[in-house]
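Visitor: Okay, handing you the structure first.
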Amino acid sequence: MASRKMTFSLPEDLASSFTRRVRARDRSRYVADALADKLAERERRLIQACEIANHDSQVREIELDFDAITDAMPEPWEDASAAR
């Protein structure tokens, strides 16, 4: 698997705790796993929020209002002929 070197700043107490508890050869994998877990959790929360919104009647009403908006701008002569 390809990898990419990155530089981050951490609070001193967190960095010290990390270096004490995780062996040097395991640190990249540890950080990669932690990031993957955090990003997956964020994705799960986003999906959950979307599912909740999709079942909300007020959100559905707003969506219907937006669905009624069209991109087309009627020409003045089109409005005049429709009024007859």
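Ordered as shown in the structure tokens, chains take letters A, B, and onward, while each chain numbers its residues from 1 and ligands are numbered from 1 in the order shown.
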What residues in stretch 9-77 of chain A get the DSSP label helix (DSSP H, G or I)? Please answer as a PyMOL selection string.
Guide: chain A and resi 12-21+24-54+57-67+76-77
Visitor: Using only C-alpha atoms, which protein or nucleic acid residues come within 12 Å of stretch 1-16 of chain A? Drop anything in the same chain fewer than 6 positions from it, and give the result as a list in words.
Guide: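 The neighbour list is Val22, Arg27, Ser28, Arg29, Val31 and Ala32 of chain A.
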Visitor: When you draw a straight line from atom CA of A:Tyr30 to atom CA of A:Ser17, how long is it in Å?
Guide: 13.2 Å
